[in-house]
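Asks: Below is one structure. I have some questions about it.
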There are 4 protein chains.
Amino acid sequence: MAAPTATLLIHCPDQPGLVHSVTGFIFNYQGNVLHLDQHVDRESNVFFMRVEWSLEGFGLPKDIIAAAFKPLADQRQMTWSLHFDNEQRRVALFVTKEGHCLYDLLSRHEAGELPIDIPLIVSNHEVLRPAADRFGIPFVHLPVTAQNKAEQEQRQLDLLAEHGVDTIVLARYMQIVSPKVIDRYTNRILNIHHSFLPAFAGARPYHQAHERGVKLIGATSHYVTADLDQGPIIHQDVARVSHKDSAADMVRMGKDLEKIVLAKALWWHARHKVLVYANKTVVFD
Amino acid sequence: MAAPTATLLIHCPDQPGLVHSVTGFIFNYQGNVLHLDQHVDRESNVFFMRVEWSLEGFGLPKDIIAAAFKPLADQRQMTWSLHFDNEQRRVALFVTKEGHCLYDLLSRHEAGELPIDIPLIVSNHEVLRPAADRFGIPFVHLPVTAQNKAEQEQRQLDLLAEHGVDTIVLARYMQIVSPKVIDRYTNRILNIHHSFLPAFAGARPYHQAHERGVKLIGATSHYVTADLDQGPIIHQDVARVSHKDSAADMVRMGKDLEKIVLAKALWWHARHKVLVYANKTVVFD
Amino acid sequence: MAAPTATLLIHCPDQPGLVHSVTGFIFNYQGNVLHLDQHVDRESNVFFMRVEWSLEGFGLPKDIIAAAFKPLADQRQMTWSLHFDNEQRRVALFVTKEGHCLYDLLSRHEAGELPIDIPLIVSNHEVLRPAADRFGIPFVHLPVTAQNKAEQEQRQLDLLAEHGVDTIVLARYMQIVSPKVIDRYTNRILNIHHSFLPAFAGARPYHQAHERGVKLIGATSHYVTADLDQGPIIHQDVARVSHKDSAADMVRMGKDLEKIVLAKALWWHARHKVLVYANKTVVFD
Amino acid sequence: MAAPTATLLIHCPDQPGLVHSVTGFIFNYQGNVLHLDQHVDRESNVFFMRVEWSLEGFGLPKDIIAAAFKPLADQRQMTWSLHFDNEQRRVALFVTKEGHCLYDLLSRHEAGELPIDIPLIVSNHEVLRPAADRFGIPFVHLPVTAQNKAEQEQRQLDLLAEHGVDTIVLARYMQIVSPKVIDRYTNRILNIHHSFLPAFAGARPYHQAHERGVKLIGATSHYVTADLDQGPIIHQDVARVSHKDSAADMVRMGKDLEKIVLAKALWWHARHKVLVYANKTVVFD
């Protein structure tokens with residue numbers, strides 16, 4: 001079995017010697033770099049970096065690495081985070097009635113394809129409880145109405161905290177998430193929208209697509225922000241359609257896109273391969 | 001060499017026995033059907049059909065077929081057109097300064113890939129005259145200003161009529177075509193827009209795409225209507241981009257999409273495979 | 001709810017008036033054609049047709065249609081079959097240890113996406129029994145060894161007959177199916193092979209692909225014939241890979257291709273949209 | 001205008017501190033890294049790196065950089081090369097009769113899309129001389145027969161040397177290049193093969209594809225080695241086909257793939273983004 005790894009995600013103002021100094025930090029403690037990606041946005045002059053190294057023989061205990069790195073990070077004005085591949089993301093799945101993304105994520109998880117824990121499924125309907133039961137994952141029914149929305153969201157937040165959740169996946173959850181939740185989970189709520197955004201934001205995108213007569217339909221996974229369907233895009237894909245396809249056909253065909261696109265985005269998120277800056281993502285795939 | 005063929009394009013209210021009666025017409029004159037496609041739009045209850053048959057041994061002379069078909073067409077309330085594959089579309093190319101679509105179409109034409117005649121290239125700039133010269137095609141420079149626009153469009157229309165043009169291709173022509181020209185060439189003006197419409201209509205779509213942080217860029221070929229970038233879509237395709245791609249990279253990569261998408265749409269148009277209805281296309285590919 | 005439909009699948013030597021005579025048969029009994037597709041293979045001069053019509057108001061009872069159509073079919077030397085959309089395919093799933101295709105098909109089936117019945121899952125291992133249990137579908141463990149292969153296949157055939165199975169799906173079943181089973185289910189056994197055939201037939205295709213350094217990996221769904229991985233191809237798709245992807249990454253990424261490609265092929269098969277001729281398929285999608 | 005840049009391409013046995021030491025070299029002379037990509041092949045334990053930096057303010061004159069880097073390279077057992085973006089690849093195009101790739105490359109070159117010089121077009125036929133003439137590029141007709149092959153190849157080599165050619169592009173050149181030429185231009189001869197290799201190597205791949213009934217056709221650009229169609233793959237793409245497409249249709253549709261795939265591979269080659277190792281490529285796109 002492979003030794004555990006540490007991963008640093010960094011962005012900061014571009015300046016000479018950044019790669020050299022970060023790799024120097026790792027090298028000085030006898031770390032062996034496994035993956036290194038960097039990118040400079042020339043327009044905004046921002047430097048992005050992801051570096052993953054093996055902890056085998058590394059000269060610092062895990063819980064001291066952050067403190068040891070901090071002086072360099074401060075000096076270079078870095079926004080940064082440190083992750084360990086043996087501390088998996090704890091992901092809550094939010095669903096409504098459509099089960100294709102849920103089943104897809106649960107079966108991937110069970111097969112060991114997705115390096116995450118799923119402590120909890122939250123839904124505003126009972127429909128998908130049997131799916132959760134089959135995979136032995138707690139299912140909490142929190143129906144949302146105009147009247148109880150604030151109250152139910154507080155219950156959601158309590159449950160998430162209780163289960164140590166750090167990431168929310170809206171797997172076709174048909175409710176708008178309020179700013180309070182978004183603020184708590186900034187850049188940690190993934191949504192799947194069933195169109196190639198920015199086309200067809202909002203409701204019933206396949207019907208909009210059918211009405212417009214497009215020749216491609218799409219799906220988009222993005223981080224949720226306060227602006228509906230406007231958050232940083234992580235992944236998109238499309239499928240070809242024709243005049244033969246009704247809106248119902250597009251719904252059916254689109255499900256394949258949605259589940260693949262969402263799972264891929266979650267895989268990158270879980271592997272700490274996504275950085276967010278200026279409402280865009282850098283995905284070091 | 002293959003015998004010439006005739007093609008009927010039809011749409012009408014759906015009703016029983018349509019395919020039977022149209023194939024009956026052809027069969028009665030000993031026609032041999034080569035290709036038959038039909039489609040029924042269940043929402044609007046409209047029937048679409050394309051049928052192509054060999055004129056070898058057909059029991060009607062070419063110039064009488066339309067008259068012979070008319071009674072059936074009238075009885076069934078058909079909107080229809082009749083085409084012969086040895087009477088090629090006469091296509092005028094409109095360009096400005098970008099040459100990638102122009103070169104692509106000219107080299108396809110020269111290689112015999114596109115069954116069209118190109119009697120004329122029209123441009124509001126001189127930049128691409130050498131390209132036209134190399135392929136021996138007349139190039140007419142008609143600079144357009146706010147002052148002379150109406151006048152120059154009349155000259156365009158005169159030139160098009162003079163050269164027997166039946167189709168206009170806007171091969172990155174950076175001028176808005178006026179309703180007068182559009183009315184004359186309804187569903188016979190093809191444009192290439194450098195985005196996956198309806199996303200990023202209007203100016204500088206790659207810059208809009210870069211700004212939004214999409215992971216796919218696209219190109220769309222459509223018939224031109226009075227509403228800018230809103231006409232019936234014929235073909236679309238996309239290419240994957242990443243955070244590494246600047247707006248300039250997207251422009252470069254997008255050129256490949258644009259030329260392929262435009263050429264494919266034109267090929268379908270030239271082969272009489274496109275029907276337009278309710279601002280959408282039926283493409284019998 | 002829509003009225004039931006009947007579908008004719010036909011192939012025969014090409015000859016004048018085929019579409020006319022088949023549509024005449026339907027029209028004479030007041031049938032309303034919903035979908036009609038035809039194709040002529042010019043090299044072999046073979047005509048293919050699929051026509052689906054509504055049984056609402058049709059002038060023949062279901063069980064007499066075949067007899068009524070037979071004289072025309074005989075006269076035109078047709079190979080043909082008649083199907084009713086309310087008599088669903090009964091599909092047995094064969095699996096080994098990999099569950100991604102199985103879960104995908106079961107969750108589609110449960111969601112009503114796939115118009116089939118699944119009376120039975122057969123496996124040479126116990127690993128996936130829990131998956132079958134969760135969806136309440138009988139799971140039969142038939143371990144296969146060199147010694148008992150003939151005997152176990154007879155048990156398979158008995159079980160299939162007992163459950164009225166008409167289609168077998170090899171959903172990553174890692175055993176070679178013997179000619180005896182193939183003969184009984186000609187063009188009704190679908191396999192998913194994890195490469196873009198004909199590249200990388202046989203064992204460990206992703207490892208072969210990685211070794212060769214290809215930039216695309218693929219998956220192929222085909223009907224099983226006596227020649228391993230050589231049967232008629234129904235559907236294929238590919239995904240982009242790079243030098244960064246190990247063989248293990250390709251295995252992981254390939255699973256997404258496999259499940260989508262297999263499900264799509266099965267959908268076409270279930271809807272009677274596939275004709276086989278000369279070791280190729282005509283797919284009227 | 002951007003300042004000129006230098007690019008190092010490196011591969012060597014993996015060992016700790018490689019990125020740190022290379023970036024240290026650049027940093028010590030006040031170089032500003034623009035792009036840095038690295039990759040470690042875990043199976044063979046080989047490290048690959050591409051680093052590009054601005055020469056503005058760099059503390060070493062261009063012609064001394066290589067000598068200054070050599071001690072580090074030797075110590076780390078690097079195979080390496082140094083390139084400057086203002087010293088463009090000099091590329092000879094080899095063609096036969098098909099002009100689609102040639103026109104595509106020439107029009108890209110003229111539009112400034114491809115950072116290369118094209119001093120020479122070589123052909124074993126006269127057919128494409130007019131294309132060369134139109135773009136003002138010398139065209140040399142060297143007909144090849146079984147008798148004169150060795151002699152003509154010597155003339156090719158002389159011409160290439162005379163024109164300072166460092167890269168050969170076989171833009172649908174229908175002759176097998178002999179080992180003598182391949183040895184001289186190792187990993188600098190790009191070919192476009194009209195299939196998704198390794199499927200359908202050899203002659204008439206579209207006809208092979210049609211015969212097999214595949215649902216995707218492809219094109220592959222690779223470096224030429226002594227084994228026909230077996231060299232390191234740089235880029236591949238595919239397009240969807242159906243039963244409706246004859247072999248001739250596939251030839252037509254394939255041309256679009258070929259020209260895009262070849263141009264993209266050449267673009268990467270010209271920008272020094274391709275490393276070859278173990279008959280595979282690392283493409284830092």
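Chain identifiers are assigned as A, B, and so on, following the order in which chains appear in the structure tokens; residues are numbered from 1 within each chain, and ligands are numbered from 1 in order of appearance.
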With a distance cut-off of 9 Å and only C-alpha atoms, select the neighbouring residues of D:Leu228, excluding the residue or stretch itself and same-chain residues fewer than 2 positions from it, and output the selection as a ChimeraX atom specification.
Replies: /D:176,201-202,224-226,230-231
Asks: Write out as CSV a residue-level contact list of chain B versus chain A with cut-off 8 Å: for each qualifying residue the closest pair of atoms and the distance in Å to one decimal, counting only C-alpha atoms, rows sorted by chain and residue number upward.
Replies:
```
residue,atom,partner,partner_atom,distance
B:His39,CA,A:Lys244,CA,7.1
B:Asp41,CA,A:Lys244,CA,7.9
B:Leu197,CA,A:Ala199,CA,7.5
B:Pro198,CA,A:Ala199,CA,5.8
B:Ala199,CA,A:Ala199,CA,4.7
B:Arg212,CA,A:Lys280,CA,7.1
B:Gly213,CA,A:Lys280,CA,5.1
B:Val214,CA,A:Ile233,CA,6.3
B:Lys215,CA,A:Gln236,CA,6.0
B:Leu216,CA,A:Gln236,CA,6.8
B:Pro232,CA,A:Gly213,CA,7.1
B:Ile233,CA,A:Val214,CA,6.3
B:Ile234,CA,A:Lys215,CA,7.5
B:His235,CA,A:Lys215,CA,6.2
B:Gln236,CA,A:Lys215,CA,5.9
B:Asp237,CA,A:Leu216,CA,7.5
B:Ser242,CA,A:Val283,CA,7.7
B:His243,CA,A:Val282,CA,5.4
B:Lys244,CA,A:His39,CA,7.1
B:Asn279,CA,A:Gly213,CA,7.6
B:Lys280,CA,A:Gly213,CA,5.1
B:Thr281,CA,A:His243,CA,7.0
B:Val282,CA,A:His243,CA,5.4
B:Val283,CA,A:His243,CA,7.2
```
Asks: Keeping only N, CA and C atoms, write those residues as a PDB file, in the first residue's frame.
Replies:
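As written to disk, part01.pdb reads:
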```pdb
ATOM      1  N   HIS B  39     -40.022  12.653 -40.400  1.00  0.00           N
ATOM      2  CA  HIS B  39     -40.052  12.978 -38.979  1.00  0.00           C
ATOM      3  C   HIS B  39     -41.382  13.646 -38.682  1.00  0.00           C
ATOM      4  N   ASP B  41     -43.131  15.984 -35.781  1.00  0.00           N
ATOM      5  CA  ASP B  41     -43.039  16.730 -34.531  1.00  0.00           C
ATOM      6  C   ASP B  41     -44.370  16.551 -33.814  1.00  0.00           C
ATOM      7  N   LEU B 197     -24.271  28.776 -29.031  1.00  0.00           N
ATOM      8  CA  LEU B 197     -25.496  29.530 -28.783  1.00  0.00           C
ATOM      9  C   LEU B 197     -26.515  28.657 -28.062  1.00  0.00           C
ATOM     10  N   PRO B 198     -27.346  29.222 -27.199  1.00  0.00           N
ATOM     11  CA  PRO B 198     -27.562  30.645 -26.966  1.00  0.00           C
ATOM     12  C   PRO B 198     -26.586  31.303 -26.000  1.00  0.00           C
ATOM     13  N   ALA B 199     -25.573  30.577 -25.523  1.00  0.00           N
ATOM     14  CA  ALA B 199     -24.600  31.234 -24.664  1.00  0.00           C
ATOM     15  C   ALA B 199     -23.737  32.183 -25.501  1.00  0.00           C
ATOM     16  N   ARG B 212     -16.249  34.080 -18.050  1.00  0.00           N
ATOM     17  CA  ARG B 212     -17.178  33.246 -17.264  1.00  0.00           C
ATOM     18  C   ARG B 212     -16.503  31.984 -16.726  1.00  0.00           C
ATOM     19  N   GLY B 213     -15.367  31.622 -17.329  1.00  0.00           N
ATOM     20  CA  GLY B 213     -14.663  30.440 -16.841  1.00  0.00           C
ATOM     21  C   GLY B 213     -15.292  29.127 -17.278  1.00  0.00           C
ATOM     22  N   VAL B 214     -15.854  29.082 -18.480  1.00  0.00           N
ATOM     23  CA  VAL B 214     -16.428  27.825 -18.970  1.00  0.00           C
ATOM     24  C   VAL B 214     -15.324  26.824 -19.290  1.00  0.00           C
ATOM     25  N   LYS B 215     -15.696  25.551 -19.322  1.00  0.00           N
ATOM     26  CA  LYS B 215     -14.742  24.488 -19.599  1.00  0.00           C
ATOM     27  C   LYS B 215     -14.901  23.943 -21.015  1.00  0.00           C
ATOM     28  N   LEU B 216     -15.845  24.492 -21.751  1.00  0.00           N
ATOM     29  CA  LEU B 216     -16.042  24.133 -23.154  1.00  0.00           C
ATOM     30  C   LEU B 216     -16.283  25.419 -23.943  1.00  0.00           C
ATOM     31  N   PRO B 232     -32.496  29.786 -36.700  1.00  0.00           N
ATOM     32  CA  PRO B 232     -32.532  28.324 -36.544  1.00  0.00           C
ATOM     33  C   PRO B 232     -31.132  27.725 -36.606  1.00  0.00           C
ATOM     34  N   ILE B 233     -30.791  26.934 -35.599  1.00  0.00           N
ATOM     35  CA  ILE B 233     -29.459  26.341 -35.494  1.00  0.00           C
ATOM     36  C   ILE B 233     -29.358  25.114 -36.393  1.00  0.00           C
ATOM     37  N   ILE B 234     -28.320  25.067 -37.213  1.00  0.00           N
ATOM     38  CA  ILE B 234     -28.101  23.917 -38.098  1.00  0.00           C
ATOM     39  C   ILE B 234     -27.127  22.929 -37.468  1.00  0.00           C
ATOM     40  N   HIS B 235     -26.046  23.440 -36.900  1.00  0.00           N
ATOM     41  CA  HIS B 235     -25.009  22.557 -36.365  1.00  0.00           C
ATOM     42  C   HIS B 235     -24.236  23.286 -35.281  1.00  0.00           C
ATOM     43  N   GLN B 236     -23.752  22.508 -34.321  1.00  0.00           N
ATOM     44  CA  GLN B 236     -22.946  23.051 -33.224  1.00  0.00           C
ATOM     45  C   GLN B 236     -21.887  22.037 -32.842  1.00  0.00           C
ATOM     46  N   ASP B 237     -20.791  22.546 -32.382  1.00  0.00           N
ATOM     47  CA  ASP B 237     -19.793  21.651 -31.786  1.00  0.00           C
ATOM     48  C   ASP B 237     -19.025  22.421 -30.720  1.00  0.00           C
ATOM     49  N   SER B 242      -9.348  24.833 -20.703  1.00  0.00           N
ATOM     50  CA  SER B 242      -9.040  24.772 -19.275  1.00  0.00           C
ATOM     51  C   SER B 242      -8.568  26.133 -18.801  1.00  0.00           C
ATOM     52  N   HIS B 243      -8.259  26.180 -17.522  1.00  0.00           N
ATOM     53  CA  HIS B 243      -7.737  27.430 -16.942  1.00  0.00           C
ATOM     54  C   HIS B 243      -6.464  27.898 -17.636  1.00  0.00           C
ATOM     55  N   LYS B 244      -5.783  26.968 -18.308  1.00  0.00           N
ATOM     56  CA  LYS B 244      -4.533  27.346 -18.969  1.00  0.00           C
ATOM     57  C   LYS B 244      -4.764  28.201 -20.207  1.00  0.00           C
ATOM     58  N   ASN B 279     -38.517  28.192 -36.250  1.00  0.00           N
ATOM     59  CA  ASN B 279     -37.189  28.647 -35.833  1.00  0.00           C
ATOM     60  C   ASN B 279     -36.259  27.525 -35.381  1.00  0.00           C
ATOM     61  N   LYS B 280     -36.533  26.314 -35.852  1.00  0.00           N
ATOM     62  CA  LYS B 280     -35.635  25.182 -35.619  1.00  0.00           C
ATOM     63  C   LYS B 280     -35.354  24.510 -36.960  1.00  0.00           C
ATOM     64  N   THR B 281     -34.342  23.643 -36.954  1.00  0.00           N
ATOM     65  CA  THR B 281     -34.079  22.895 -38.182  1.00  0.00           C
ATOM     66  C   THR B 281     -34.314  21.403 -37.959  1.00  0.00           C
ATOM     67  N   VAL B 282     -34.754  20.770 -39.031  1.00  0.00           N
ATOM     68  CA  VAL B 282     -34.723  19.324 -39.140  1.00  0.00           C
ATOM     69  C   VAL B 282     -33.589  19.031 -40.108  1.00  0.00           C
ATOM     70  N   VAL B 283     -32.558  18.322 -39.622  1.00  0.00           N
ATOM     71  CA  VAL B 283     -31.409  18.005 -40.480  1.00  0.00           C
ATOM     72  C   VAL B 283     -31.408  16.499 -40.738  1.00  0.00           C
TER      73      VAL B 283
END
```
Asks: Might you pull out every residue within 6 Å of D:Leu9, with only C-alpha atoms counted and same-chain residues fewer than 4 positions away left off, and present them as a CSV table (one decimal) with N, CA and C atoms, in the first residue's frame?
Replies:
```
chain,number,residue,atom,x,y,z
D,49,MET,N,10.2,17.0,-17.5
D,49,MET,CA,9.9,18.4,-17.2
D,49,MET,C,10.0,19.3,-18.4
D,50,ARG,N,9.1,20.3,-18.4
D,50,ARG,CA,9.2,21.4,-19.4
D,50,ARG,C,9.1,22.7,-18.6
D,80,TRP,N,18.3,16.3,-22.3
D,80,TRP,CA,17.7,17.6,-22.3
D,80,TRP,C,17.9,18.3,-23.6
D,81,SER,N,17.1,19.3,-23.9
D,81,SER,CA,17.3,20.2,-25.0
D,81,SER,C,16.8,21.6,-24.6
```
Asks: What residues in stretch 225-267 of chain B get the DSSP label strand (DSSP E or B)? Please answer as a ChimeraX atom specification.
Replies: /B:233-240
Asks: Just want the 6 Å neighbourhood of stretch 52-67 of chain C, counted on only C-alpha atoms, with same-chain residues fewer than 6 positions away dropped. Output as a ChimeraX atom specification.
Replies: /C:3-7,29-35
Asks: Extract the full set of helix (DSSP H, G or I) residues from stretch 69-104 of chain C according to DSSP on the backbone, and format it as a ChimeraX atom specification.
Replies: /C:69-75,100-104
Asks: Would you pick out the contacts of C:Thr96 at 12 Å or less, using only C-alpha atoms, so that residues sharing its chain but fewer than 2 positions from it are not included, and give the list as JSON, numbers by chain?
Replies: {"C": [93, 94, 98, 99, 100, 101, 102, 121, 122, 123, 124, 125, 126, 127, 128, 129, 139, 140, 141, 142, 143, 144, 170, 171, 172, 173, 174, 175, 176]}
Asks: Near D:Val91, within 7 Å and counting only C-alpha atoms, which residues show up once chain neighbours fewer than 6 positions away are dropped, as a PyMOL selection string?
Replies: chain D and resi 116-119+165-169
Asks: Just how far from atom CA of A:Val276 is atom CA of A:Leu82, in Å to one decimal?
Replies: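 Interatomic distance, atom CA of A:Leu82 to atom CA of A:Val276: 15.1 Å.
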Asks: Leaving out A:Arg184 and any residue of its chain fewer than 5 positions from it, which residues lie within 10 Å of it when counting only C-alpha atoms, given as a PyMOL selection string?
Replies: chain A and resi 157+166+179+189
Asks: Which value, in Å to one decimal, gives the distance between atom CA of D:Arg134 and atom CA of B:Leu105?
Replies: 15.9 Å
